[in-house]
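Q: This is the structure I want to talk about, given as structure tokens.
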Amino acid sequence: MRLSDREKAMLDGAEGPARQRAMDLLVRYGRALGAERLIPVTNVAGVWSSTTPWVQADLDKPDDFDTIYSRFNLDADDVVETPQAAVSTCQLIHGIDTRNYRLQGFSDEQAALQRKSEKYFGQRGVQWCSTCTPYQVGNVPVKGEHLAWMESSAVVYANAVLGARTNVEGRESAGAASITGLIPEFGLHIDANRYATHRVRVEAVPESMMDWGLMGYSVGAMVMENIPVLSGALPQPRPMHLKHFGAAAASSGGVEMYHIPGQTAEADSEDEALGGRVPVEEHVYDAAARRAAFERLNANANNPDVDFVMLGCPHNSIEQMWEIARLLDGKRISPNVELWVHTPRQIRALCDESGFTEMIERSGAHVMSDSCPAINRATPDGTEVIVTDSCKQSHYLPAILGKQTWFGSLEHCIEAALTGRFKGSL
Amino acid sequence: MTGTGEKIVLRGRCVVGGSAEGRAFVTREEISGWGGIDANTATVTEIGHEKRGESFACRVLVFPGAKGSSGWSHYFHITRRKNVAPAAMLFTVTTTKVALGAVVTRVPALTDFDRDPFEVIHDGDWVRVDADAGVVEITPAPPG
């Protein structure tokens, strides 16, 4: 790799031991990718959480944050002091809701450790957005900006919807990028790699949130890690629709970038999305594909008696929270069911102020933040059968928790919460 | 067909240097890190995966590459800390997930081969990897 004089000096330790370890990792990583150089990034979204059993293993004391940081954010063999972030840096979703941790099965000590770690890394520049959707809470990069983001659903949103540029980074590369402002030049940082290679003609035009999710889940399986352009007359989406679509496509496939001409950031026409080239593959998303996606998402469930309803993956927007508040207003959920509604902590604060939290929690539901069951594996006691409105969550939960998981629309999920039975269908 | 005991040589690009050997764990399906493996035992857990329930600990992992969440590198990193990392990684599709994962797992790794590794490496073959030299030497397992 070609390194600048400053990068070479950093690698030699001129900017301290942490940045030396970070450069060492970035050079190993860049070589592994076959990258020729590092490029500047201005925005990092990663993981500094320090309370999971994985990172707590082999520690002398649980608040030894520098050791956790050195091991898991820098891949270093020794312990270095955590320096301040060099570029805007935020924490994504993590394991513990610092308000509702008892419901998640965590102790006061674990919640206190979580708060302590937030302060520790916070005072070194890490913003505790604590959500898989930093773009919903003010972290909105501009078109063309180079980022180092983790979280597949956030990466695809940043690339496709916003036109910012990031690959899917990992905990270690995001850690190194945060304190150096550098990442290997590879993949979606390069113009030529951002064009669509696959075209999907949309015949089953999405109308509801569930439709956008099903279309994403289907398109992801069609194109896998490739870049699709959607063709056809699509209705104007809201941000939440594209959040749902991208998260689903990144779960069933590995979609990190897509184009909807006239709606997403980098193409006003199919031709522009394809960079003037002919697509390598053509697919059709029709009513049969929509049905197949719904059936695949429900393939692991057969018991309609549900005990846990999970909403808000990716974390809900404020307008989704209002919709849920409206549907639950004046009602009581079934005594056999727990309903957890997930939203970023900043949006929960807005829900608190606006009275939405009260409307939702009066029904017996809980407004959760900072985490989700796929991340922290926390579900209410005795959970056997789960219902969710998230393609991503229903894709992963059967493997992560070994529990039956139904997928349905928000309305199906609310009905299941109120009656204890899932009756979702297309 | 190659007879038992006859060595096959593959050449590829070094991803992570070093050398190692072991029995091949071959899957044509991509592996998911978060939500796809149990990092304590290096066992594939993804529902529907052809290798579900099998562990690649100390095996030479031959696979197309990574899929799924950005937790990929972290989960493979954990396999190293739990002493259940694969002996080496041979993959065909370079992504940031698999490249970073190989780097932090710190096992010899190669990609960009001169032949399709799935044509010449089969489950249970003995595989020697010299990543610095970019060479993979395969001794086919006896039939049956």
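Here, A, B, ... name the chains of the structure tokens in the order displayed, residue numbers run from 1 inside each chain, and ligands are numbered from 1 in the same displayed order.
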What are the residues of chain B lining chain A at 9 Å or less? Count only C-alpha atoms, and put the answer as a PDB file with N, CA and C atoms, in the first residue's frame.

A:
```
ATOM      1  N   ARG B  13      -3.807 -15.193  -3.971  1.00  0.00           N
ATOM      2  CA  ARG B  13      -3.278 -13.936  -3.420  1.00  0.00           C
ATOM      3  C   ARG B  13      -3.322 -13.987  -1.890  1.00  0.00           C
ATOM      4  N   CYS B  14      -2.225 -13.554  -1.281  1.00  0.00           N
ATOM      5  CA  CYS B  14      -2.139 -13.551   0.188  1.00  0.00           C
ATOM      6  C   CYS B  14      -3.069 -12.489   0.774  1.00  0.00           C
ATOM      7  N   VAL B  15      -3.922 -12.910   1.699  1.00  0.00           N
ATOM      8  CA  VAL B  15      -4.787 -11.982   2.438  1.00  0.00           C
ATOM      9  C   VAL B  15      -4.197 -11.737   3.829  1.00  0.00           C
ATOM     10  N   VAL B  16      -3.852 -12.841   4.488  1.00  0.00           N
ATOM     11  CA  VAL B  16      -3.135 -12.780   5.763  1.00  0.00           C
ATOM     12  C   VAL B  16      -1.987 -13.791   5.664  1.00  0.00           C
ATOM     13  N   TRP B  34     -22.410 -12.941  12.753  1.00  0.00           N
ATOM     14  CA  TRP B  34     -23.475 -12.685  13.736  1.00  0.00           C
ATOM     15  C   TRP B  34     -24.745 -13.382  13.265  1.00  0.00           C
ATOM     16  N   GLY B  35     -25.312 -14.211  14.136  1.00  0.00           N
ATOM     17  CA  GLY B  35     -26.547 -14.896  13.756  1.00  0.00           C
ATOM     18  C   GLY B  35     -26.334 -16.095  12.856  1.00  0.00           C
ATOM     19  N   GLY B  36     -25.071 -16.422  12.573  1.00  0.00           N
ATOM     20  CA  GLY B  36     -24.812 -17.553  11.678  1.00  0.00           C
ATOM     21  C   GLY B  36     -23.875 -18.592  12.248  1.00  0.00           C
ATOM     22  N   THR B  45     -24.652 -22.188  12.709  1.00  0.00           N
ATOM     23  CA  THR B  45     -25.986 -22.292  13.329  1.00  0.00           C
ATOM     24  C   THR B  45     -27.105 -21.817  12.406  1.00  0.00           C
ATOM     25  N   GLU B  46     -26.741 -21.233  11.274  1.00  0.00           N
ATOM     26  CA  GLU B  46     -27.777 -20.653  10.408  1.00  0.00           C
ATOM     27  C   GLU B  46     -28.752 -21.730   9.916  1.00  0.00           C
ATOM     28  N   ILE B  47     -30.049 -21.447  10.079  1.00  0.00           N
ATOM     29  CA  ILE B  47     -31.073 -22.392   9.635  1.00  0.00           C
ATOM     30  C   ILE B  47     -31.026 -22.493   8.112  1.00  0.00           C
ATOM     31  N   LYS B  67     -21.344 -13.282   4.559  1.00  0.00           N
ATOM     32  CA  LYS B  67     -22.599 -12.576   4.308  1.00  0.00           C
ATOM     33  C   LYS B  67     -23.159 -12.119   5.648  1.00  0.00           C
ATOM     34  N   GLY B  68     -24.175 -11.277   5.573  1.00  0.00           N
ATOM     35  CA  GLY B  68     -24.897 -10.910   6.783  1.00  0.00           C
ATOM     36  C   GLY B  68     -24.341  -9.668   7.460  1.00  0.00           C
ATOM     37  N   SER B  69     -24.479  -9.650   8.762  1.00  0.00           N
ATOM     38  CA  SER B  69     -24.263  -8.458   9.567  1.00  0.00           C
ATOM     39  C   SER B  69     -22.798  -8.024   9.627  1.00  0.00           C
ATOM     40  N   SER B  70     -22.622  -6.767  10.015  1.00  0.00           N
ATOM     41  CA  SER B  70     -21.274  -6.217  10.174  1.00  0.00           C
ATOM     42  C   SER B  70     -20.588  -6.760  11.421  1.00  0.00           C
ATOM     43  N   GLY B  71     -21.277  -7.603  12.191  1.00  0.00           N
ATOM     44  CA  GLY B  71     -20.635  -8.262  13.333  1.00  0.00           C
ATOM     45  C   GLY B  71     -19.710  -9.405  12.905  1.00  0.00           C
ATOM     46  N   TRP B  72     -19.567  -9.639  11.611  1.00  0.00           N
ATOM     47  CA  TRP B  72     -18.791 -10.785  11.103  1.00  0.00           C
ATOM     48  C   TRP B  72     -17.402 -10.858  11.726  1.00  0.00           C
ATOM     49  N   SER B  73     -16.660  -9.764  11.616  1.00  0.00           N
ATOM     50  CA  SER B  73     -15.262  -9.793  12.098  1.00  0.00           C
ATOM     51  C   SER B  73     -15.221 -10.035  13.601  1.00  0.00           C
ATOM     52  N   HIS B  74     -16.146  -9.416  14.330  1.00  0.00           N
ATOM     53  CA  HIS B  74     -16.155  -9.539  15.789  1.00  0.00           C
ATOM     54  C   HIS B  74     -16.373 -11.001  16.189  1.00  0.00           C
ATOM     55  N   HIS B  77     -13.319 -12.937  15.351  1.00  0.00           N
ATOM     56  CA  HIS B  77     -12.329 -12.505  16.348  1.00  0.00           C
ATOM     57  C   HIS B  77     -12.508 -13.314  17.646  1.00  0.00           C
ATOM     58  N   ILE B  78     -13.776 -13.481  18.054  1.00  0.00           N
ATOM     59  CA  ILE B  78     -14.073 -14.243  19.278  1.00  0.00           C
ATOM     60  C   ILE B  78     -13.616 -15.708  19.130  1.00  0.00           C
ATOM     61  N   THR B  94     -13.953 -11.416  -2.283  1.00  0.00           N
ATOM     62  CA  THR B  94     -13.396 -10.486  -1.297  1.00  0.00           C
ATOM     63  C   THR B  94     -14.409  -9.401  -0.961  1.00  0.00           C
ATOM     64  N   THR B  95     -14.733  -9.324   0.320  1.00  0.00           N
ATOM     65  CA  THR B  95     -15.557  -8.236   0.845  1.00  0.00           C
ATOM     66  C   THR B  95     -14.851  -7.685   2.073  1.00  0.00           C
ATOM     67  N   THR B  96     -15.320  -6.516   2.532  1.00  0.00           N
ATOM     68  CA  THR B  96     -14.719  -5.969   3.750  1.00  0.00           C
ATOM     69  C   THR B  96     -14.942  -6.900   4.925  1.00  0.00           C
ATOM     70  N   LYS B  97     -16.111  -7.569   4.962  1.00  0.00           N
ATOM     71  CA  LYS B  97     -16.400  -8.455   6.103  1.00  0.00           C
ATOM     72  C   LYS B  97     -15.391  -9.582   6.202  1.00  0.00           C
ATOM     73  N   ALA B  99     -12.464  -9.937   4.668  1.00  0.00           N
ATOM     74  CA  ALA B  99     -11.065  -9.484   4.747  1.00  0.00           C
ATOM     75  C   ALA B  99     -10.725  -9.065   6.179  1.00  0.00           C
ATOM     76  N   LEU B 100     -11.588  -8.234   6.780  1.00  0.00           N
ATOM     77  CA  LEU B 100     -11.337  -7.812   8.161  1.00  0.00           C
ATOM     78  C   LEU B 100     -11.426  -9.019   9.101  1.00  0.00           C
ATOM     79  N   GLY B 101     -12.386  -9.897   8.835  1.00  0.00           N
ATOM     80  CA  GLY B 101     -12.534 -11.100   9.653  1.00  0.00           C
ATOM     81  C   GLY B 101     -11.275 -11.941   9.634  1.00  0.00           C
ATOM     82  N   ALA B 102     -10.695 -12.142   8.463  1.00  0.00           N
ATOM     83  CA  ALA B 102      -9.463 -12.928   8.358  1.00  0.00           C
ATOM     84  C   ALA B 102      -8.320 -12.224   9.091  1.00  0.00           C
ATOM     85  N   VAL B 103      -8.257 -10.902   8.951  1.00  0.00           N
ATOM     86  CA  VAL B 103      -7.180 -10.136   9.596  1.00  0.00           C
ATOM     87  C   VAL B 103      -7.234 -10.288  11.120  1.00  0.00           C
ATOM     88  N   VAL B 104      -8.413 -10.138  11.703  1.00  0.00           N
ATOM     89  CA  VAL B 104      -8.493 -10.170  13.170  1.00  0.00           C
ATOM     90  C   VAL B 104      -8.546 -11.601  13.714  1.00  0.00           C
ATOM     91  N   ALA B 109      -4.575 -16.723   5.250  1.00  0.00           N
ATOM     92  CA  ALA B 109      -5.754 -16.633   4.385  1.00  0.00           C
ATOM     93  C   ALA B 109      -5.331 -16.274   2.968  1.00  0.00           C
ATOM     94  N   LEU B 110      -6.036 -16.855   2.001  1.00  0.00           N
ATOM     95  CA  LEU B 110      -5.756 -16.612   0.586  1.00  0.00           C
ATOM     96  C   LEU B 110      -7.069 -16.435  -0.172  1.00  0.00           C
TER      97      LEU B 110
END
```

Q: So which residues of range 198-297 of chain A fall under strand (DSSP E) by DSSP, listed as a list of chain:residue names?

A: A:His198, A:Arg199, A:Val200, A:Arg201, A:Val202, A:Pro228, A:Val229, A:Leu230, A:Ser231, A:Glu281, A:Glu282, A:His283, A:Val284, A:Tyr285

Q: At a cut-off of 10 Å, using only C-alpha atoms, what residues contact range 83-86 of chain B? Leave out same-chain residues fewer than 3 positions from it and give the result as an NGL selection string.

A: :B and (20 or 22 or 24-25 or 39-43 or 55-62 or 76-80 or 89 or 102 or 105-108)

Q: Hey, which of B:Val98, B:Ile138, B:Val129, B:Ala87 ends up closest to Ser19 in chain B? Count only C-alpha atoms.

A: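 Ranking B:Val98, B:Ile138, B:Val129, B:Ala87 by distance to Ser19 in chain B, first place goes to B:Val129.
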
Q: CA of Glu7 in chain A to CA of Ala35 in chain A: how many Å, to one decimal?

A: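 Distance reported for this atom pair: 15.0 Å.
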
Q: Find the residue from A:Pro239, A:Gly105, A:Pro40, A:Pro53 that sits nearest to Pro380 in chain A; use only C-alpha atoms when measuring.

A: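 Using only C-alpha atoms, the shortest distance to Pro380 in chain A belongs to A:Gly105.
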
Q: Within 8 Å of Glu137 in chain B, counting only C-alpha atoms, which residues show up once you throw out same-chain ones fewer than 5 positions away? Write them as a list in words, please.

A: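 Near Glu137 in chain B, the qualifying residues are Lys7, Ile8, Val9, Leu10, Val127, Arg128 and Val129 of chain B.
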
Q: I want to know what sits within 9 Å of range 115-117 of chain B, based on only C-alpha atoms, with residues of the same chain fewer than 3 positions away left out; could you give that as a PyMOL selection string?

A: chain B and resi 10-12+62-63+90-92+112+120-122

Q: So that I can check the surroundings of Phe121 in chain A, please list as a list in words every protein, DNA and RNA residue that reaches within 12 Å of it, counting only C-alpha atoms and ignoring chain neighbours fewer than 6 positions away.

A: Gly46, Val47, Trp48, Ser49, Ser50, Asp63, Asp64, Phe65, Asp66, Ile68, Tyr69, Asn73, Glu81, Thr82, Pro83, Gln84, Ala85, Thr89, Cys90, Gln91, Gln114, Arg115, Gln127, Trp128, Gly175 and Ser178 of chain A

Q: Pick out each residue of range 36-151 of chain A that DSSP on the backbone tags as alpha helix (DSSP H); I need them as a VMD selection string.

A: chain A and resid 53 to 56 65 to 72 108 to 122

Q: I'd like to know which of B:Asp38, B:Pro142, B:Gly65, B:Glu21 is closest to Gly53 in chain B, using only C-alpha atoms.

A: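 Ranked by minimum distance to Gly53 in chain B, first place goes to B:Asp38.
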
Q: Looking at only C-alpha atoms, which of A:Thr343, A:Thr133, A:Gln263, A:Ser334 is the one that sits closest to Ala365 in chain A?

A: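 Nearest to Ala365 in chain A: A:Ser334.
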
Q: Quick one: of A:Ala349, A:Ile96, A:Leu162, A:Ala9, who's nearest to Ala111 in chain A, counting only C-alpha atoms?

A: A:Ile96

Q: So how many Å separate CA of Leu274 in chain A and CA of Pro228 in chain A, to one decimal?

A: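 Computing it gives 8.9 Å between the two atoms.
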
Q: CA of His241 in chain A and CA of Met210 in chain A are how many Å apart?

A: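 Pair CA of His241 in chain A / CA of Met210 in chain A returns 8.8 Å.
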
Q: Neighbouring residues of Val161 in chain A were defined as those with any atom within 7 Å, considering only C-alpha atoms; residues of the same chain fewer than 2 positions away were excluded. Please report them as a list of chain:residue names.

A: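 Answer for this query is A:Tyr157, A:Ala158, A:Asn159, A:Gly163, A:Thr264, A:Ala265.
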
Q: Could you save the residues just selected, with N, CA and C atoms, as a CSV table (one decimal), in the first residue's frame?

A:
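Dumped everything to selection_5.csv:
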```csv
chain,number,residue,atom,x,y,z
A,157,TYR,N,-28.7,2.3,3.8
A,157,TYR,CA,-29.4,3.6,3.8
A,157,TYR,C,-28.5,4.7,3.4
A,158,ALA,N,-27.3,4.7,4.0
A,158,ALA,CA,-26.3,5.8,3.8
A,158,ALA,C,-25.9,5.8,2.3
A,159,ASN,N,-25.6,4.7,1.8
A,159,ASN,CA,-25.2,4.6,0.4
A,159,ASN,C,-26.3,5.0,-0.6
A,163,GLY,N,-26.6,8.8,-0.6
A,163,GLY,CA,-25.5,9.0,-1.5
A,163,GLY,C,-24.1,9.2,-0.8
A,264,THR,N,-33.7,7.7,-5.1
A,264,THR,CA,-32.5,7.6,-4.3
A,264,THR,C,-31.4,8.6,-4.9
A,265,ALA,N,-30.3,8.7,-4.2
A,265,ALA,CA,-29.5,9.9,-4.4
A,265,ALA,C,-28.7,9.9,-5.7
```

Q: Using only C-alpha atoms for the distances, tell me which of A:Leu103, A:Val41, A:Val229, A:Leu92 is nearest to Gly144 in chain A.

A: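 That would be A:Val41, the residue with the smallest distance to Gly144 in chain A.
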